[in-house]
Amino acid sequence: MFLDEAEITVHGGNGGNGLVSWRKEKFISRGGPWGGDGGDGGNVIFRADSNTDTLSTFAQVKVFRAKNGGIGGKCDKHGKNGEDLVLKVPPGTVIYHDGSAVADLTNHGDEEIIAKGGRGGYGNAHFTSSVRQAPDFAERGEAGEEKSLNLELKLVADVGIIGYPSVGKSTLISVISASRPKIGDYPFTTITPNLGVVQVHDRRFVACDVPGLIDGASEGKGLGDTFLRHIERCAVLVHILDVNREDVVSDYKAIRSELENYSPALSEKKEVVVLNKVDLTGNDIEIFEEELKKNKIELFASISAATKHGIDDFLNKLLHIVLEERKNRSEDITEKEIPVLKPHLESDRTDAFTIDVEKDNSFTVKGKRIEQITNMTDWNNESAIHRFRDIIKRIGLTRSLEKAGAGEKSVVRIGELDVSDHWL
Ligand SMILES: Nc1nc2c(ncn2[C@@H]2O[C@H](COP(=O)(O)OP(=O)(O)OP(=O)(O)O)[C@@H](O)[C@H]2O)c(=O)[nH]1
Ligand SMILES: [Mg+2]
């Protein structure tokens with residue numbers, strides 16, 4: 001398993017401010033209120049997209065913002081809503097915030113709102129009622145959510161490179177990726193699998209070079225069967241044959257029978273056969289090709305990992321197959337050790353609040369909706385403060401605070417905001 005990670009910050013767009021404005025009509029000095037509501041801020045949404053392979057887009061840019069909402073307009077015109085920001089991640093990405101997983105985007109198309117845009121503030125037209133015909137205040141737009149996130153993607157190798165010891169598996173992964181495994185002209189140079197990210201045009205896939213297999217590997221001979229387990233999860237096997245060995249056909253058959261002995265599922269995997277070290281054959285390459293053909297072994301590519309001959313063609317063809325096979329890869333590769341997450345269901349009701357009496361005898365009120373209203377109140381405007389007081393009275397917060405022991409001189413906070421001077 002190979003881990004791709006990124007650390008970023010996302011901001012939902014701020015809500016636009018509501019507008020205070022009055023209708024202007026001939027002969028009427030001050031018409032009715034007609035200031036519109038601010039637009040909502042855009043959300044930051046993460047979407048799993050199978051055209052994305054790694055988290056490398058998040059390597060340079062670290063801060064992502066959705067668009068802010070526009071301010072309310074005259075004629076009770078609603079401000080423009082801020083556009084959502086959609087960030088594409090590869091399927092399999094898990095998003096963490098404050099150490100816990102907040103989204104697990106497994107399949108293409110899965111999406112989740114991670115940072116919400118702020119609500120647009122109400123314009124003064126909103127506050128007109130039978131008892132309040134000339135509201136001269138508006139709400140401020142709510143700030144968008146800000147979250148720092150850790151993204152994690154567990155990469156499952158798409159391609160497993162298999163073959164006898166010393167056929168050039170590690171050499172191949174070293175020329176197609178940034179992986180730099182040990183290469184040696186003795187068997188079992190590789191003792192633990194090497195993973196590398198292979199880039200072809202704008203796509204990437206993960207290849208895994210496993211230790212050489214030999215006759216009896218499925219019974220634990222050589223480095224044993226631990227590595228067969230690694231390739232069980234690959235979508236495609238690249239089976240390397242070495243022209244330098246005595247008999248490529250019997251090599252091929254021996255490895256195939258090891259795969260079959262180990263697991264039928266493994267032997268049914270898509271496999272492509274690649275002839276390596278063709279730089280050593282001179283003009284004799286045709287002899288090998290005919291030999292394979294005679295034995296009904298379809299040759300996918302002839303390459304020299306050492307001189308890079310044929311590598312580009314090989315990768316282009318391989319990418320095609322990788323993308324095809326990814327589609328076929330079933331659900332079972334999705335590790336379910338991460339709990340399935342449900343969105344947090346907080347009550348949106350204004351009268352859902354709690355009061356904490358702190359050690360210093362101050363009071364902290366919490367509640368999603370009441371905090372939102374508090375944050376959006378324009379404290380420089382007496383009428384807005386009146387409205388705030390109306391609301392907290394109506395929902396019983398004023399009484400509850402008094403019951404809890406709060407008085408004129410107490411420090412009272414709603415969410416983060418100190419409202420000591422305003423709540424009574
Ligand atoms: N001439 C030639 N030599 C190659 C080529 N590819 C690999 N070799 C050599 O073959 C030897 C084995 O290469 P490795 O890449 O270590 O082989 P491996 O399959 O990873 O071997 P194990 O890890 O031991 O199973 C090294 O000496 C390489 O330099 C090639 O295309 N041409
Ligand atoms: Mg090796």
# chains A, B, ... in the order shown; residues from 1 in each chain; ligands from 1

call {"tool": "residues_around", "arguments": {"residues": "range 300-302 of chain A", "least_positions_apart": "4", "cutoff": "8 Å", "atoms": "only C-alpha atoms", "output": "PyMOL selection string"}}
result
chain A and resi 272-276+278+310+314

call {"tool": "residues_around", "arguments": {"residues": "Asp136 in chain A", "least_positions_apart": "5", "cutoff": "8 Å", "atoms": "only C-alpha atoms", "output": "short mmCIF file (atom, residue, chain, number, x, y, z; two decimals) with N, CA and C atoms, in the first residue's frame"}}
result
data_model
loop_
_atom_site.label_atom_id
_atom_site.label_comp_id
_atom_site.auth_asym_id
_atom_site.auth_seq_id
_atom_site.Cartn_x
_atom_site.Cartn_y
_atom_site.Cartn_z
N VAL A 20 -29.76 47.94 3.44
CA VAL A 20 -30.79 48.84 3.97
C VAL A 20 -31.07 49.86 2.89
N PRO A 33 -39.41 49.87 2.97
CA PRO A 33 -38.07 49.28 2.88
C PRO A 33 -38.00 48.35 1.67
N ASN A 124 -33.28 44.92 4.65
CA ASN A 124 -34.31 45.45 5.55
C ASN A 124 -35.72 45.11 5.08
N SER A 383 -31.50 49.21 15.79
CA SER A 383 -32.66 48.39 15.42
C SER A 383 -32.28 46.93 15.28
#

call {"tool": "select_by_dssp", "arguments": {"residues": "range 214-406 of chain A", "states": "strand (DSSP E or B)", "output": "PDB file with C-alpha atoms, in the first residue's frame"}}
result
ATOM      1  CA  VAL A 236      -2.947  -5.877 -14.483  1.00  0.00           C
ATOM      2  CA  LEU A 237       0.099  -8.127 -14.381  1.00  0.00           C
ATOM      3  CA  VAL A 238       3.130  -7.376 -16.525  1.00  0.00           C
ATOM      4  CA  HIS A 239       4.885 -10.685 -16.980  1.00  0.00           C
ATOM      5  CA  ILE A 240       8.533 -10.132 -17.893  1.00  0.00           C
ATOM      6  CA  LEU A 241      10.466 -12.693 -19.912  1.00  0.00           C
ATOM      7  CA  ASP A 242      14.227 -12.402 -20.244  1.00  0.00           C
ATOM      8  CA  LYS A 270      -5.390  -9.529 -17.014  1.00  0.00           C
ATOM      9  CA  GLU A 271      -1.795 -10.255 -17.976  1.00  0.00           C
ATOM     10  CA  VAL A 272       0.494  -8.837 -20.624  1.00  0.00           C
ATOM     11  CA  VAL A 273       3.730 -10.521 -21.701  1.00  0.00           C
ATOM     12  CA  VAL A 274       6.817  -8.402 -22.209  1.00  0.00           C
ATOM     13  CA  LEU A 275      10.122  -9.527 -23.603  1.00  0.00           C
ATOM     14  CA  ASN A 276      13.013  -7.700 -21.910  1.00  0.00           C
ATOM     15  CA  LEU A 299       3.505 -10.878 -26.952  1.00  0.00           C
ATOM     16  CA  PHE A 300       2.490  -7.420 -25.778  1.00  0.00           C
ATOM     17  CA  ALA A 301       5.803  -5.598 -26.180  1.00  0.00           C
ATOM     18  CA  SER A 302       9.509  -6.099 -26.703  1.00  0.00           C
ATOM     19  CA  SER A 304      15.057  -3.090 -23.272  1.00  0.00           C
ATOM     20  CA  HIS A 309      14.133   0.853 -26.263  1.00  0.00           C
ATOM     21  CA  THR A 354     -27.282  24.957  25.521  1.00  0.00           C
ATOM     22  CA  ILE A 355     -25.873  27.196  28.238  1.00  0.00           C
ATOM     23  CA  ASP A 356     -22.545  26.405  29.900  1.00  0.00           C
ATOM     24  CA  VAL A 357     -21.720  28.128  33.137  1.00  0.00           C
ATOM     25  CA  PHE A 363     -21.985  32.032  30.452  1.00  0.00           C
ATOM     26  CA  THR A 364     -21.506  30.443  27.052  1.00  0.00           C
ATOM     27  CA  VAL A 365     -24.487  29.793  24.838  1.00  0.00           C
ATOM     28  CA  LYS A 366     -24.152  27.262  22.032  1.00  0.00           C
TER      29      LYS A 366
END

call {"tool": "residues_near_ligand", "arguments": {"ligand": "ligand 2", "cutoff": "6 Å", "atoms": "only C-alpha atoms and all ligand atoms", "output": "ChimeraX atom specification"}}
result
/A:169-170,183,189-190,211

call {"tool": "residues_near_ligand", "arguments": {"ligand": "ligand 1", "cutoff": "8 Å", "atoms": "only C-alpha atoms and all ligand atoms", "output": "PyMOL selection string"}}
result
chain A and resi 162-172+182-191+209-213+276-280+303-308

call {"tool": "write_last_selection", "arguments": {"atoms": "C-alpha atoms", "output": "CSV table (one decimal), in the first residue's frame"}}
result
chain,number,residue,atom,x,y,z
A,162,ILE,CA,6.3,-10.3,-12.2
A,163,GLY,CA,8.8,-12.8,-13.5
A,164,TYR,CA,11.8,-14.9,-12.7
A,165,PRO,CA,14.6,-13.4,-10.6
A,166,SER,CA,16.9,-11.1,-12.5
A,167,VAL,CA,14.7,-10.6,-15.6
A,168,GLY,CA,14.8,-6.9,-15.1
A,169,LYS,CA,11.7,-6.1,-13.1
A,170,SER,CA,13.4,-3.5,-10.8
A,171,THR,CA,15.2,-2.0,-13.8
A,172,LEU,CA,11.9,-1.5,-15.5
A,182,LYS,CA,18.3,-1.9,-5.9
A,183,ILE,CA,19.3,-3.6,-9.1
A,184,GLY,CA,21.7,-6.4,-9.2
A,185,ASP,CA,22.8,-9.3,-11.4
A,186,TYR,CA,22.1,-11.9,-8.8
A,187,PRO,CA,18.7,-13.4,-8.0
A,188,PHE,CA,16.5,-12.0,-5.3
A,189,THR,CA,18.0,-8.5,-5.3
A,190,THR,CA,14.6,-7.3,-4.5
A,191,ILE,CA,13.3,-8.6,-1.2
A,209,ASP,CA,7.8,-4.5,-8.7
A,210,VAL,CA,7.7,-7.7,-6.7
A,211,PRO,CA,10.6,-10.0,-5.8
A,212,GLY,CA,11.3,-12.6,-8.4
A,213,LEU,CA,9.1,-15.7,-8.4
A,276,ASN,CA,13.0,-7.7,-21.9
A,277,LYS,CA,16.7,-7.2,-22.7
A,278,VAL,CA,16.1,-7.2,-26.4
A,279,ASP,CA,19.4,-5.1,-26.7
A,280,LEU,CA,21.2,-8.5,-26.2
A,303,ILE,CA,11.7,-3.7,-24.7
A,304,SER,CA,15.1,-3.1,-23.3
A,305,ALA,CA,14.7,-1.6,-19.8
A,306,ALA,CA,18.4,-0.9,-19.9
A,307,THR,CA,18.5,1.2,-23.1
A,308,LYS,CA,14.8,2.3,-22.8

call {"tool": "residues_around", "arguments": {"residues": "range 89-95 of chain A", "least_positions_apart": "5", "cutoff": "6 Å", "atoms": "only C-alpha atoms", "output": "list in words"}}
result
Ala48, Asp49, Ser50, Thr52, Asp53, Ala101, Val102, Ala103, Asp104, Leu105, Thr106, Asn107, His108, Asn150, Leu151, Glu152 and Leu153 of chain A

call {"tool": "closest_residue", "arguments": {"among": "A:Ala66, A:Met376, A:Ile285, A:Ile113", "to": "Val243 in chain A", "atoms": "only C-alpha atoms"}}
result
A:Ile285

call {"tool": "atom_distance", "arguments": {"atom1": "CA of Thr374 in chain A", "atom2": "CA of Ile8 in chain A"}}
result
28.9 Å
